[in-house]
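input_11.txt, holding compact mmCIF, C-alpha atoms:
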```txt
# COMPACT_ATOMS: atom_id res chain seq x y z
CA MET A 822 19.71 11.75 26.97
CA ASP A 823 19.71 8.21 28.34
CA CYS A 824 17.32 5.43 27.31
CA THR A 825 14.88 6.01 30.19
CA HIS A 826 12.08 7.24 27.94
CA ARG A 827 12.54 4.41 25.44
CA ASN A 828 12.32 1.94 28.30
CA PHE A 829 9.14 3.69 29.42
CA LEU A 830 7.67 3.17 25.94
CA HIS A 831 8.65 -0.49 26.05
CA GLY A 832 6.88 -0.75 29.38
CA MET A 833 3.79 0.88 27.89
CA GLU A 834 3.77 -1.76 25.14
CA ASP A 835 4.08 -4.55 27.74
CA THR A 836 1.22 -3.10 29.76
CA HIS A 837 -1.25 -2.06 27.07
CA LEU A 838 -0.67 -4.31 24.08
CA ALA A 839 -2.10 -7.81 23.77
CA PRO A 840 0.29 -10.71 24.46
CA PHE A 841 0.11 -11.65 20.77
CA ALA A 842 1.05 -8.16 19.55
CA ALA A 843 4.51 -7.41 18.13
CA LYS A 844 6.72 -5.66 20.70
CA SER A 845 9.39 -3.27 19.47
CA ARG A 846 11.98 -4.47 22.00
CA ASP A 847 11.63 -7.99 20.55
CA SER A 848 12.29 -6.92 16.97
CA ARG A 849 14.64 -9.13 14.97
CA GLY A 850 16.54 -5.94 14.29
CA ARG A 851 17.89 -4.10 11.27
CA ARG A 852 20.12 -5.39 8.50
CA HIS A 853 22.83 -2.84 9.29
CA ALA A 854 23.96 -1.92 12.79
CA ASP A 855 22.17 1.18 13.99
CA ASN A 856 22.21 2.61 17.50
CA PRO A 857 18.79 2.74 19.19
CA HIS A 858 17.14 6.11 19.67
CA PRO A 859 16.80 7.44 23.24
CA TYR A 860 13.10 8.36 23.07
CA ARG A 861 11.62 6.46 20.12
CA THR A 862 10.91 2.78 19.66
CA GLU A 863 12.25 0.91 16.64
CA PHE A 864 8.85 0.82 14.92
CA GLN A 865 8.36 4.55 15.50
CA ARG A 866 11.69 5.16 13.79
CA ASP A 867 10.58 3.03 10.85
CA ARG A 868 7.43 5.09 10.43
CA GLU A 869 9.31 8.36 10.48
CA ARG A 870 12.02 7.18 8.07
CA ILE A 871 9.31 6.20 5.59
CA ILE A 872 7.49 9.52 5.89
CA HIS A 873 10.71 11.45 5.24
CA SER A 874 11.68 9.38 2.19
CA ARG A 875 11.58 10.74 -1.35
CA ALA A 876 9.57 7.73 -2.52
CA PHE A 877 6.83 8.63 -0.05
CA ARG A 878 6.65 12.22 -1.28
CA ARG A 879 6.41 11.06 -4.89
CA LEU A 880 3.18 9.17 -4.10
CA GLU A 881 1.41 12.54 -4.23
CA TYR A 882 1.67 12.52 -8.02
CA LYS A 883 1.03 8.83 -8.69
CA THR A 884 -2.31 7.54 -9.95
CA GLN A 885 -4.86 5.70 -7.88
CA VAL A 886 -7.55 5.46 -10.59
CA PHE A 887 -7.63 8.95 -12.08
CA VAL A 888 -4.40 10.47 -13.40
CA ASN A 889 -3.26 13.47 -11.40
CA HIS A 890 -4.26 16.13 -13.93
CA GLU A 891 -7.86 14.86 -14.22
CA GLY A 892 -9.06 16.57 -11.05
CA ASP A 893 -7.92 18.04 -7.74
CA HIS A 894 -10.26 16.00 -5.53
CA TYR A 895 -9.60 12.46 -6.74
CA ARG A 896 -7.45 10.19 -4.64
CA THR A 897 -3.78 9.84 -5.39
CA ARG A 898 -1.47 7.05 -4.30
CA LEU A 899 -0.45 9.27 -1.36
CA THR A 900 -3.96 9.99 -0.09
CA HIS A 901 -4.76 6.29 -0.51
CA THR A 902 -1.71 5.43 1.62
CA ILE A 903 -2.77 7.87 4.34
CA GLU A 904 -6.28 6.37 4.38
CA VAL A 905 -4.83 2.86 4.66
CA ALA A 906 -2.65 3.97 7.57
CA GLN A 907 -5.60 5.57 9.37
CA ILE A 908 -7.75 2.47 8.99
CA ALA A 909 -4.87 0.21 10.02
CA ARG A 910 -4.27 2.23 13.18
CA SER A 911 -7.95 2.05 14.12
CA ILE A 912 -8.00 -1.73 13.68
CA ALA A 913 -4.70 -2.18 15.53
CA ARG A 914 -5.89 -0.08 18.45
CA ALA A 915 -9.13 -2.02 18.79
CA LEU A 916 -7.26 -5.34 18.75
CA ARG A 917 -4.54 -4.03 21.10
CA LEU A 918 -1.86 -4.51 18.46
CA ASN A 919 1.22 -2.38 17.84
CA GLU A 920 -0.08 0.69 16.02
CA ASP A 921 3.41 1.92 15.12
CA LEU A 922 4.29 -1.29 13.28
CA ALA A 923 0.91 -1.40 11.53
CA GLU A 924 1.28 2.21 10.42
CA SER A 925 4.85 1.65 9.20
CA VAL A 926 3.81 -1.23 6.95
CA ALA A 927 0.79 0.75 5.73
CA LEU A 928 2.84 3.83 4.86
CA ALA A 929 5.42 1.75 2.98
CA HIS A 930 3.12 -0.70 1.20
CA ASP A 931 2.92 1.27 -2.08
CA LEU A 932 6.33 2.95 -2.17
CA GLY A 933 7.28 0.79 -5.13
CA HIS A 934 4.16 1.42 -7.16
CA THR A 935 4.60 2.56 -10.74
CA PRO A 936 3.12 5.69 -12.29
CA PHE A 937 -0.40 5.21 -13.71
CA GLY A 938 -1.52 2.71 -11.08
CA HIS A 939 -2.05 -0.96 -11.88
CA THR A 940 -2.02 -0.21 -15.60
CA GLY A 941 1.57 0.94 -15.26
CA GLU A 942 2.42 -2.08 -13.13
CA ARG A 943 1.06 -4.50 -15.75
CA ALA A 944 3.02 -2.77 -18.52
CA LEU A 945 6.28 -2.87 -16.57
CA ASN A 946 5.69 -6.50 -15.57
CA GLU A 947 5.36 -7.44 -19.24
CA LEU A 948 8.52 -5.54 -20.14
CA MET A 949 10.44 -7.24 -17.30
CA ALA A 950 9.14 -10.74 -18.08
CA GLY A 951 12.61 -11.95 -19.01
CA SER A 952 14.16 -10.52 -15.84
CA GLY A 953 11.85 -11.83 -13.15
CA GLY A 954 8.88 -9.58 -13.86
CA PHE A 955 7.74 -6.61 -11.82
CA GLU A 956 5.52 -6.59 -8.74
CA HIS A 957 5.02 -3.48 -6.65
CA ASN A 958 5.33 -5.18 -3.24
CA ARG A 959 8.76 -6.53 -4.14
CA GLN A 960 9.62 -3.11 -5.55
CA SER A 961 8.52 -1.44 -2.31
CA LEU A 962 10.96 -3.71 -0.47
CA ARG A 963 13.67 -2.76 -2.98
CA VAL A 964 12.96 0.93 -2.39
CA VAL A 965 13.44 0.69 1.38
CA GLU A 966 16.40 -1.72 1.19
CA VAL A 967 18.38 -0.35 -1.76
CA LEU A 968 17.07 2.63 -3.71
CA GLU A 969 16.50 5.32 -1.08
CA GLU A 970 19.71 7.30 -0.51
CA ARG A 971 19.53 9.15 2.81
CA TYR A 972 22.25 7.71 5.00
CA ALA A 973 26.02 7.49 4.65
CA GLU A 974 26.21 4.35 6.78
CA PHE A 975 23.92 2.09 4.73
CA PRO A 976 21.77 1.89 1.59
CA GLY A 977 18.01 2.25 1.80
CA LEU A 978 16.18 3.12 5.00
CA ASN A 979 17.47 0.20 7.09
CA LEU A 980 14.02 -0.60 8.48
CA THR A 981 13.34 -3.32 11.03
CA TRP A 982 12.88 -6.91 9.89
CA GLU A 983 9.21 -6.83 10.93
CA THR A 984 8.35 -3.81 8.78
CA ARG A 985 10.21 -5.23 5.79
CA GLU A 986 8.48 -8.58 6.23
CA GLY A 987 5.11 -6.84 6.32
CA ILE A 988 5.93 -5.04 3.05
CA VAL A 989 6.98 -8.13 1.13
CA LYS A 990 4.19 -10.34 2.46
CA HIS A 991 1.51 -7.74 1.73
CA SER A 992 -1.32 -9.12 -0.43
CA SER A 993 0.20 -12.48 -1.33
CA TYR A 994 3.29 -14.61 -1.26
CA HIS A 995 5.59 -14.89 -4.25
CA ASP A 996 8.25 -17.40 -5.20
CA HIS A 997 11.13 -14.99 -5.45
CA PRO A 998 14.55 -14.92 -3.76
CA GLU A 999 13.60 -11.79 -1.79
CA ILE A 1000 11.10 -13.79 0.26
CA SER A 1001 13.60 -16.33 1.62
CA GLU A 1002 14.94 -13.88 4.22
CA TYR A 1003 11.47 -13.24 5.63
CA ALA A 1004 10.39 -16.58 7.12
CA PRO A 1005 8.24 -17.76 4.17
CA ASP A 1006 6.88 -20.65 6.24
CA GLU A 1007 5.63 -18.38 8.99
CA LYS A 1008 2.53 -16.21 9.08
CA PRO A 1009 3.33 -12.50 9.34
CA SER A 1010 2.47 -10.52 12.44
CA LEU A 1011 -1.16 -9.56 12.99
CA GLU A 1012 -0.04 -5.96 12.42
CA ALA A 1013 1.09 -6.93 8.92
CA GLN A 1014 -1.97 -9.09 8.28
CA ILE A 1015 -4.38 -6.22 8.86
CA ILE A 1016 -2.74 -4.15 6.10
CA ASP A 1017 -4.21 -6.32 3.35
CA PHE A 1018 -7.68 -5.61 4.67
CA ALA A 1019 -7.08 -1.94 5.48
CA ASP A 1020 -5.84 -1.57 1.90
CA GLU A 1021 -8.94 -3.31 0.52
CA ILE A 1022 -11.30 -1.25 2.68
CA ALA A 1023 -9.60 1.98 1.62
CA TYR A 1024 -9.37 1.41 -2.12
CA ASN A 1025 -12.82 -0.13 -2.52
CA ASN A 1026 -14.47 2.78 -0.80
CA HIS A 1027 -12.46 5.67 -2.17
CA ASP A 1028 -12.63 4.22 -5.68
CA LEU A 1029 -16.39 3.94 -5.20
CA ASP A 1030 -16.45 7.54 -3.97
CA ASP A 1031 -14.29 8.82 -6.84
CA GLY A 1032 -16.31 6.80 -9.36
CA LEU A 1033 -19.52 8.43 -8.15
CA GLU A 1034 -17.88 11.87 -8.03
CA SER A 1035 -16.74 11.50 -11.64
CA ARG A 1036 -20.20 10.22 -12.67
CA LEU A 1037 -18.58 7.16 -14.22
CA LEU A 1038 -20.65 5.12 -11.76
CA SER A 1039 -24.42 5.30 -11.44
CA LEU A 1040 -25.68 5.95 -7.92
CA ALA A 1041 -28.84 3.99 -8.68
CA GLU A 1042 -26.75 0.91 -9.56
CA VAL A 1043 -24.48 1.34 -6.55
CA GLU A 1044 -27.49 1.51 -4.23
CA ARG A 1045 -28.45 -2.01 -5.34
CA LEU A 1046 -25.18 -3.49 -4.08
CA PRO A 1047 -25.66 -5.74 -1.01
CA LEU A 1048 -22.88 -3.93 0.88
CA TRP A 1049 -24.66 -0.60 0.45
CA GLY A 1050 -27.82 -1.98 2.04
CA MET A 1051 -25.91 -3.77 4.78
CA ALA A 1052 -24.07 -0.57 5.69
CA ALA A 1053 -27.30 1.47 5.70
CA ASP A 1054 -28.88 -1.05 8.08
CA PHE A 1055 -25.75 -1.15 10.25
CA ALA A 1056 -25.72 2.65 10.58
CA GLY A 1057 -29.49 3.04 10.80
CA ILE A 1058 -29.61 5.22 7.67
CA LYS A 1059 -32.99 5.60 5.98
CA ASN A 1060 -33.40 6.20 2.24
CA GLY A 1061 -33.76 9.83 1.30
CA ALA A 1062 -32.60 11.09 4.68
CA SER A 1063 -29.79 13.19 3.18
CA SER A 1064 -30.65 16.44 1.44
CA THR A 1065 -28.08 16.30 -1.39
CA ARG A 1066 -26.44 13.60 -3.46
CA LYS A 1067 -22.97 14.56 -2.19
CA VAL A 1068 -24.01 14.33 1.46
CA GLN A 1069 -25.79 11.04 0.82
CA VAL A 1070 -22.71 9.52 -0.82
CA ASN A 1071 -20.36 10.79 1.89
CA THR A 1072 -22.67 9.45 4.59
CA MET A 1073 -22.82 6.03 2.97
CA ILE A 1074 -19.07 5.80 2.32
CA ARG A 1075 -18.48 6.40 6.04
CA ALA A 1076 -21.11 3.80 6.89
CA ILE A 1077 -19.52 1.18 4.61
CA ILE A 1078 -16.06 1.78 6.06
CA ASN A 1079 -17.47 1.58 9.59
CA LEU A 1080 -19.25 -1.68 8.80
CA LEU A 1081 -16.16 -3.26 7.23
CA VAL A 1082 -13.81 -2.17 10.03
CA SER A 1083 -16.24 -3.25 12.75
CA ASP A 1084 -16.82 -6.62 11.12
CA LEU A 1085 -13.10 -7.19 10.64
CA ILE A 1086 -12.39 -6.47 14.30
CA ALA A 1087 -15.19 -8.74 15.50
CA GLN A 1088 -14.33 -11.64 13.18
CA THR A 1089 -10.59 -11.37 13.85
CA THR A 1090 -11.24 -11.46 17.59
CA MET A 1091 -13.19 -14.70 17.09
CA ASN A 1092 -10.45 -16.12 14.85
CA ILE A 1093 -7.76 -15.37 17.43
CA ARG A 1094 -9.80 -17.28 19.99
CA ASP A 1095 -10.56 -20.19 17.65
CA LEU A 1096 -6.90 -20.52 16.65
CA SER A 1097 -5.87 -20.48 20.34
CA ILE A 1098 -3.54 -17.54 19.73
CA GLU A 1099 -2.23 -16.38 23.09
CA ARG A 1100 1.32 -15.29 22.30
CA TYR A 1101 3.18 -13.67 19.42
CA ALA A 1102 4.76 -17.03 18.57
CA ASP A 1103 1.26 -18.48 18.12
CA VAL A 1104 0.55 -15.91 15.40
CA ARG A 1105 3.65 -16.98 13.49
CA SER A 1106 2.89 -20.70 13.68
CA ALA A 1107 -0.88 -20.55 13.15
CA PRO A 1108 -2.23 -22.79 10.36
CA ARG A 1109 -3.92 -19.85 8.66
CA PRO A 1110 -4.02 -16.06 8.93
CA ALA A 1111 -6.16 -14.81 11.81
CA VAL A 1112 -7.34 -11.54 10.27
CA GLY A 1113 -10.46 -11.61 8.11
CA PHE A 1114 -14.07 -10.63 7.47
CA SER A 1115 -17.12 -12.65 8.38
CA PRO A 1116 -18.44 -14.79 5.47
CA ALA A 1117 -21.40 -12.48 4.76
CA VAL A 1118 -19.35 -9.29 4.71
CA LEU A 1119 -16.56 -10.96 2.73
CA ALA A 1120 -19.07 -11.97 0.03
CA ALA A 1121 -20.55 -8.45 -0.10
CA SER A 1122 -17.08 -6.88 -0.27
CA ARG A 1123 -16.07 -9.18 -3.14
CA GLU A 1124 -19.26 -8.25 -4.99
CA LEU A 1125 -18.33 -4.58 -4.64
CA MET A 1126 -14.87 -5.34 -6.05
CA GLU A 1127 -16.41 -7.13 -9.04
CA PHE A 1128 -18.78 -4.20 -9.59
CA LEU A 1129 -15.87 -1.73 -9.57
CA MET A 1130 -13.86 -3.90 -11.95
CA LYS A 1131 -16.71 -4.07 -14.45
CA ASN A 1132 -18.08 -0.55 -14.19
CA LEU A 1133 -15.14 1.65 -13.17
CA TYR A 1134 -11.76 0.08 -13.97
CA ARG A 1135 -13.06 -1.14 -17.35
CA HIS A 1136 -14.99 2.04 -18.12
CA TYR A 1137 -13.99 3.25 -21.56
CA ARG A 1138 -12.60 6.54 -20.22
CA VAL A 1139 -10.36 4.74 -17.71
CA VAL A 1140 -9.35 2.21 -20.38
CA ARG A 1141 -8.43 5.00 -22.81
CA MET A 1142 -6.18 6.64 -20.24
CA GLY A 1143 -4.69 3.23 -19.54
CA ILE A 1144 -3.82 2.74 -23.20
CA LYS A 1145 -1.93 6.03 -23.20
CA ALA A 1146 -0.19 5.13 -19.93
CA GLN A 1147 0.96 1.75 -21.27
CA ARG A 1148 2.34 3.41 -24.38
CA VAL A 1149 4.27 5.94 -22.32
CA ILE A 1150 5.90 3.23 -20.18
CA ARG A 1151 6.66 0.96 -23.14
CA ASP A 1152 8.14 3.83 -25.14
CA LEU A 1153 10.31 4.98 -22.23
CA PHE A 1154 11.55 1.46 -21.54
CA GLY A 1155 12.45 0.97 -25.20
CA ILE A 1156 14.21 4.32 -25.51
CA TYR A 1157 16.31 3.77 -22.38
CA HIS A 1158 17.13 0.21 -23.43
CA GLU A 1159 18.38 1.38 -26.82
CA ASN A 1160 20.04 4.50 -25.38
CA PRO A 1161 21.18 3.93 -21.75
CA SER A 1162 22.93 7.28 -21.86
CA ALA A 1163 19.45 8.89 -21.77
CA LEU A 1164 19.04 7.72 -18.16
CA SER A 1165 19.87 10.14 -15.38
CA GLU A 1166 23.48 10.06 -14.17
CA SER A 1167 22.67 8.46 -10.81
CA TYR A 1168 20.83 5.59 -12.49
CA ARG A 1169 23.47 5.05 -15.16
CA ALA A 1170 25.91 4.44 -12.31
CA ARG A 1171 23.76 1.49 -11.19
CA ILE A 1172 23.91 -0.40 -14.49
CA PRO A 1173 27.19 -2.30 -13.81
CA SER A 1174 25.88 -3.73 -10.52
CA ASP A 1175 22.13 -4.03 -11.15
CA GLY A 1176 21.96 -4.67 -14.90
CA LEU A 1177 20.35 -2.51 -17.57
CA GLU A 1178 16.78 -3.88 -17.37
CA GLN A 1179 16.61 -3.67 -13.56
CA THR A 1180 18.00 -0.14 -13.64
CA ILE A 1181 15.42 0.97 -16.21
CA SER A 1182 12.66 -0.70 -14.22
CA ASP A 1183 13.75 1.08 -11.03
CA TYR A 1184 13.88 4.41 -12.84
CA ILE A 1185 10.44 4.11 -14.43
CA ALA A 1186 8.80 2.68 -11.30
CA GLY A 1187 10.02 5.67 -9.32
CA MET A 1188 8.51 8.21 -11.71
CA THR A 1189 5.39 10.18 -10.95
CA ASP A 1190 2.65 10.36 -13.57
CA ARG A 1191 3.65 13.92 -14.33
CA TYR A 1192 7.34 13.18 -14.69
CA ALA A 1193 6.69 10.15 -16.91
CA LEU A 1194 4.46 12.20 -19.22
CA GLU A 1195 6.99 15.04 -19.38
CA GLU A 1196 9.91 12.66 -19.96
CA HIS A 1197 8.00 10.89 -22.73
CA GLN A 1198 7.22 14.19 -24.41
CA LYS A 1199 10.87 15.33 -24.16
CA LEU A 1200 12.12 12.10 -25.72
CA THR A 1201 9.53 11.73 -28.48
CA ASP A 1202 8.49 15.24 -29.51
CA PRO A 1203 11.21 17.07 -31.51
CA MET A 1204 9.62 20.43 -30.69
CA ILE A 1205 10.02 20.02 -26.94
CA ARG A 1206 13.25 21.22 -25.29
CA VAL A 1207 15.05 18.31 -23.60
```
Any chance you could give the structure as structure tokens?
Amino acid sequence: MDCTHRNFLHGMEDTHLAPFAAKSRDSRGRRHADNPHPYRTEFQRDRERIIHSRAFRRLEYKTQVFVNHEGDHYRTRLTHTIEVAQIARSIARALRLNEDLAESVALAHDLGHTPFGHTGERALNELMAGSGGFEHNRQSLRVVEVLEERYAEFPGLNLTWETREGIVKHSSYHDHPEISEYAPDEKPSLEAQIIDFADEIAYNNHDLDDGLESRLLSLAEVERLPLWGMAADFAGIKNGASSTRKVQVNTMIRAIINLLVSDLIAQTTMNIRDLSIERYADVRSAPRPAVGFSPAVLAASRELMEFLMKNLYRHYRVVRMGIKAQRVIRDLFGIYHENPSALSESYRARIPSDGLEQTISDYIAGMTDRYALEEHQKLTDPMIRV
């Protein structure tokens, strides 16, 4: 098959995307030479390589807030990622941005996350303090550049520069050598910028939903949050209109997401105009990011985040699970450090090139909650078969 269909897709991007959107034909390319595909764009290939990766599949058994065995209906790191990708595509479509690039960054943004959520990340960061620390965005980049083993021709997934930049610039910038390759003085694409907000919209609302489902959060207290009232007004929802608590919560979660997404699209459209962004190059050289909420919605969203921090993430039941999770990760790190031969064969082979601490960090970060708990039990309980 010749490249006719790929050229057709490029033409579709030229016709339907905004002038300031990222175009796949203008990608800065891949680190390793890789022939283009006859009927897929470069950003489509990125998305599909991420979906088929082992790191992506492992997200199914990694914690969002509640550890996997605590309930079948709570979000996992995988369902969170899918929700982020869905929200990102909706925003990108409304702004006439490149949905494939936005989805690729969204699907990859948590590939490097540890087991046990942010509790696990904090524990591993402390253990790696003498070796540059640990941060899951940098680890996600390491996963797609080095750790995935799917191709004979190159390590990692060999994603485009734009997708990798979006991964490493997700959330915040960091003074690490990895950043130097990704234009640290430039703003990322709008497609990458929206991921921070799609991520925030997703985790705030599904953590709120899961907190109410678990009864760790009080519905009466949640109803007093400004964002709850703003969303009810935005959607025209009247108090007591829903027949059951579950339906009421589901209705309001949808309303909050709709409010946040709608506000983000409207405010970002105004920001693009105010920053005189007309071309893709204008996005890169803008004095500040163009994507954002309006001041009122931003304040209400931050208040929700503070409420969740106080009432959910610091709830004694979540804290207790976190204590156990930290102990598991610290114990595993210590055991592997004292006994490198306990690492799997494929990871032991990395020690000469990557160093012992980095190898252990990579191994633990790649574990699912379930595997980490099982490995800890095998290595600490004499009665368990190894």
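You can rank A:Gln1088, A:Asn1026, A:Thr1189, A:Ser961 by their closest distance to Val926 of chain A using all atoms listed in the file, and at the top of that list sits A:Ser961.
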How close does segment 896-1013 of chain A get to segment 1146-1156 of chain A? List, as a Markdown table, each residue of segment 896-1013 of chain A within 8 Å, its nearest atom pair and the distance in Å to one decimal, counting only C-alpha atoms.
```
| residue | atom | partner | partner_atom | distance |
| --- | --- | --- | --- | --- |
| A:Phe937 | CA | A:Ala1146 | CA | 6.2 |
| A:Thr940 | CA | A:Gln1147 | CA | 6.7 |
| A:Gly941 | CA | A:Gln1147 | CA | 6.1 |
| A:Ala944 | CA | A:Gln1147 | CA | 5.7 |
| A:Leu945 | CA | A:Ile1150 | CA | 7.1 |
| A:Leu948 | CA | A:Arg1151 | CA | 7.4 |
```
Closest-contact table, segment 1004-1035 of chain A side, partner segment 1092-1111 of chain A, 10 Å, counting all atoms listed in the file, as a tab-separated table:
```
residue	atom	partner	partner_atom	distance
A:Ala1004	CA	A:Arg1105	CA	9.3
A:Asp1006	CA	A:Ser1106	CA	8.4
A:Glu1007	CA	A:Arg1105	CA	5.1
A:Lys1008	CA	A:Arg1105	CA	4.6
A:Pro1009	CA	A:Arg1105	CA	6.1
A:Ser1010	CA	A:Val1104	CA	6.4
A:Leu1011	CA	A:Val1104	CA	7.0
A:Gln1014	CA	A:Pro1110	CA	7.3
A:Ile1015	CA	A:Ala1111	CA	9.3
```
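Counting from atom CA of Arg851 of chain A, the distance to atom CA of Leu918 of chain A is 21.0 Å.
Computed from the coordinates, the atom CA of Glu970 of chain A to atom CA of Thr1180 of chain A distance equals 15.2 Å.
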Once you add 4 Å to each side, what are the centre and edge lengths of the axis-aligned box holding all listed atoms of segment 951-956 of chain A? One decimal in Å, as JSON, if you can.
```
{"center_x": 9.8, "center_y": -9.3, "center_z": -13.9, "size_x": 16.6, "size_y": 13.4, "size_z": 18.3}
```
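Proximity of A:Ser1035, A:Thr836, A:Gln960, A:Thr981 to Pro857 of chain A, computed with only C-alpha atoms, is greatest for A:Thr981.
Of the residues under consideration (A:Arg971, A:His1197, A:His1027, A:His837), A:His1197 shows the shortest atom-to-atom contact distance to Ile1185 of chain A when counting all atoms listed in the file.
Non-sequential neighbours of Ile1016 of chain A (distance at most 10 Å, separation of 6 or more positions within a chain, only C-alpha atoms) are A:Val905, A:Ala906, A:Ile908, A:Ala909, A:Arg910, A:Ile912, A:Ala913, A:Ala923, A:Glu924, A:Val926, A:Ala927, A:Leu928, A:His930, A:Gly987, A:Ile988, A:Lys990, A:His991, A:Ser992, A:Ile1022, A:Val1112.
The smallest atom-to-atom distance between Leu1048 of chain A and any of A:Phe1128, A:Tyr1024, A:Phe1018, A:Trp982, using all atoms listed in the file, is found for A:Phe1128.
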I'd like the contact shell of Leu962 of chain A - 9 Å cut-off, only C-alpha atoms, skipping same-chain residues fewer than 3 positions apart - returned as a ChimeraX atom specification. /A:929-930,932-933,957-959,965-967,985-986,988-989,999
Min atom-atom distance to Met1142 of chain A from the set A:Glu1012, A:Glu920, A:Asp1190, A:Glu881, counting all atoms listed in the file, belongs to A:Asp1190
Å distance separating atom CA of Ile1074 of chain A from atom CA of Asp1054 of chain A, one decimal place: 13.3 Å
As a short mmCIF file (atom, residue, chain, number, x, y, z; two decimals), in the frame of the given file, could you write out segment 938-951 of chain A once it has been completed with N, CA and C atoms?
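Just written: selection17.cif:
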```cif
data_model
loop_
_atom_site.label_atom_id
_atom_site.label_comp_id
_atom_site.auth_asym_id
_atom_site.auth_seq_id
_atom_site.Cartn_x
_atom_site.Cartn_y
_atom_site.Cartn_z
N GLY A 938 -0.82 3.76 -11.79
CA GLY A 938 -1.52 2.71 -11.08
C GLY A 938 -1.22 1.31 -11.57
N HIS A 939 -2.24 0.44 -11.51
CA HIS A 939 -2.05 -0.96 -11.88
C HIS A 939 -1.84 -1.13 -13.38
N THR A 940 -2.31 -0.17 -14.18
CA THR A 940 -2.02 -0.21 -15.60
C THR A 940 -0.52 -0.11 -15.84
N GLY A 941 0.13 0.80 -15.15
CA GLY A 941 1.57 0.94 -15.26
C GLY A 941 2.30 -0.29 -14.76
N GLU A 942 1.78 -0.88 -13.67
CA GLU A 942 2.42 -2.08 -13.13
C GLU A 942 2.35 -3.24 -14.13
N ARG A 943 1.19 -3.41 -14.76
CA ARG A 943 1.06 -4.50 -15.75
C ARG A 943 2.01 -4.29 -16.93
N ALA A 944 2.13 -3.05 -17.39
CA ALA A 944 3.02 -2.77 -18.52
C ALA A 944 4.47 -3.08 -18.15
N LEU A 945 4.89 -2.65 -16.97
CA LEU A 945 6.28 -2.87 -16.57
C LEU A 945 6.54 -4.36 -16.30
N ASN A 946 5.54 -5.06 -15.79
CA ASN A 946 5.69 -6.50 -15.57
C ASN A 946 5.91 -7.23 -16.89
N GLU A 947 5.18 -6.83 -17.92
CA GLU A 947 5.36 -7.44 -19.24
C GLU A 947 6.76 -7.15 -19.79
N LEU A 948 7.22 -5.93 -19.63
CA LEU A 948 8.52 -5.54 -20.14
C LEU A 948 9.66 -6.24 -19.39
N MET A 949 9.41 -6.59 -18.13
CA MET A 949 10.44 -7.24 -17.30
C MET A 949 10.26 -8.75 -17.24
N ALA A 950 9.44 -9.30 -18.11
CA ALA A 950 9.14 -10.74 -18.08
C ALA A 950 10.40 -11.60 -18.14
N GLY A 951 11.38 -11.18 -18.89
CA GLY A 951 12.61 -11.95 -19.01
C GLY A 951 13.59 -11.74 -17.88
#
```
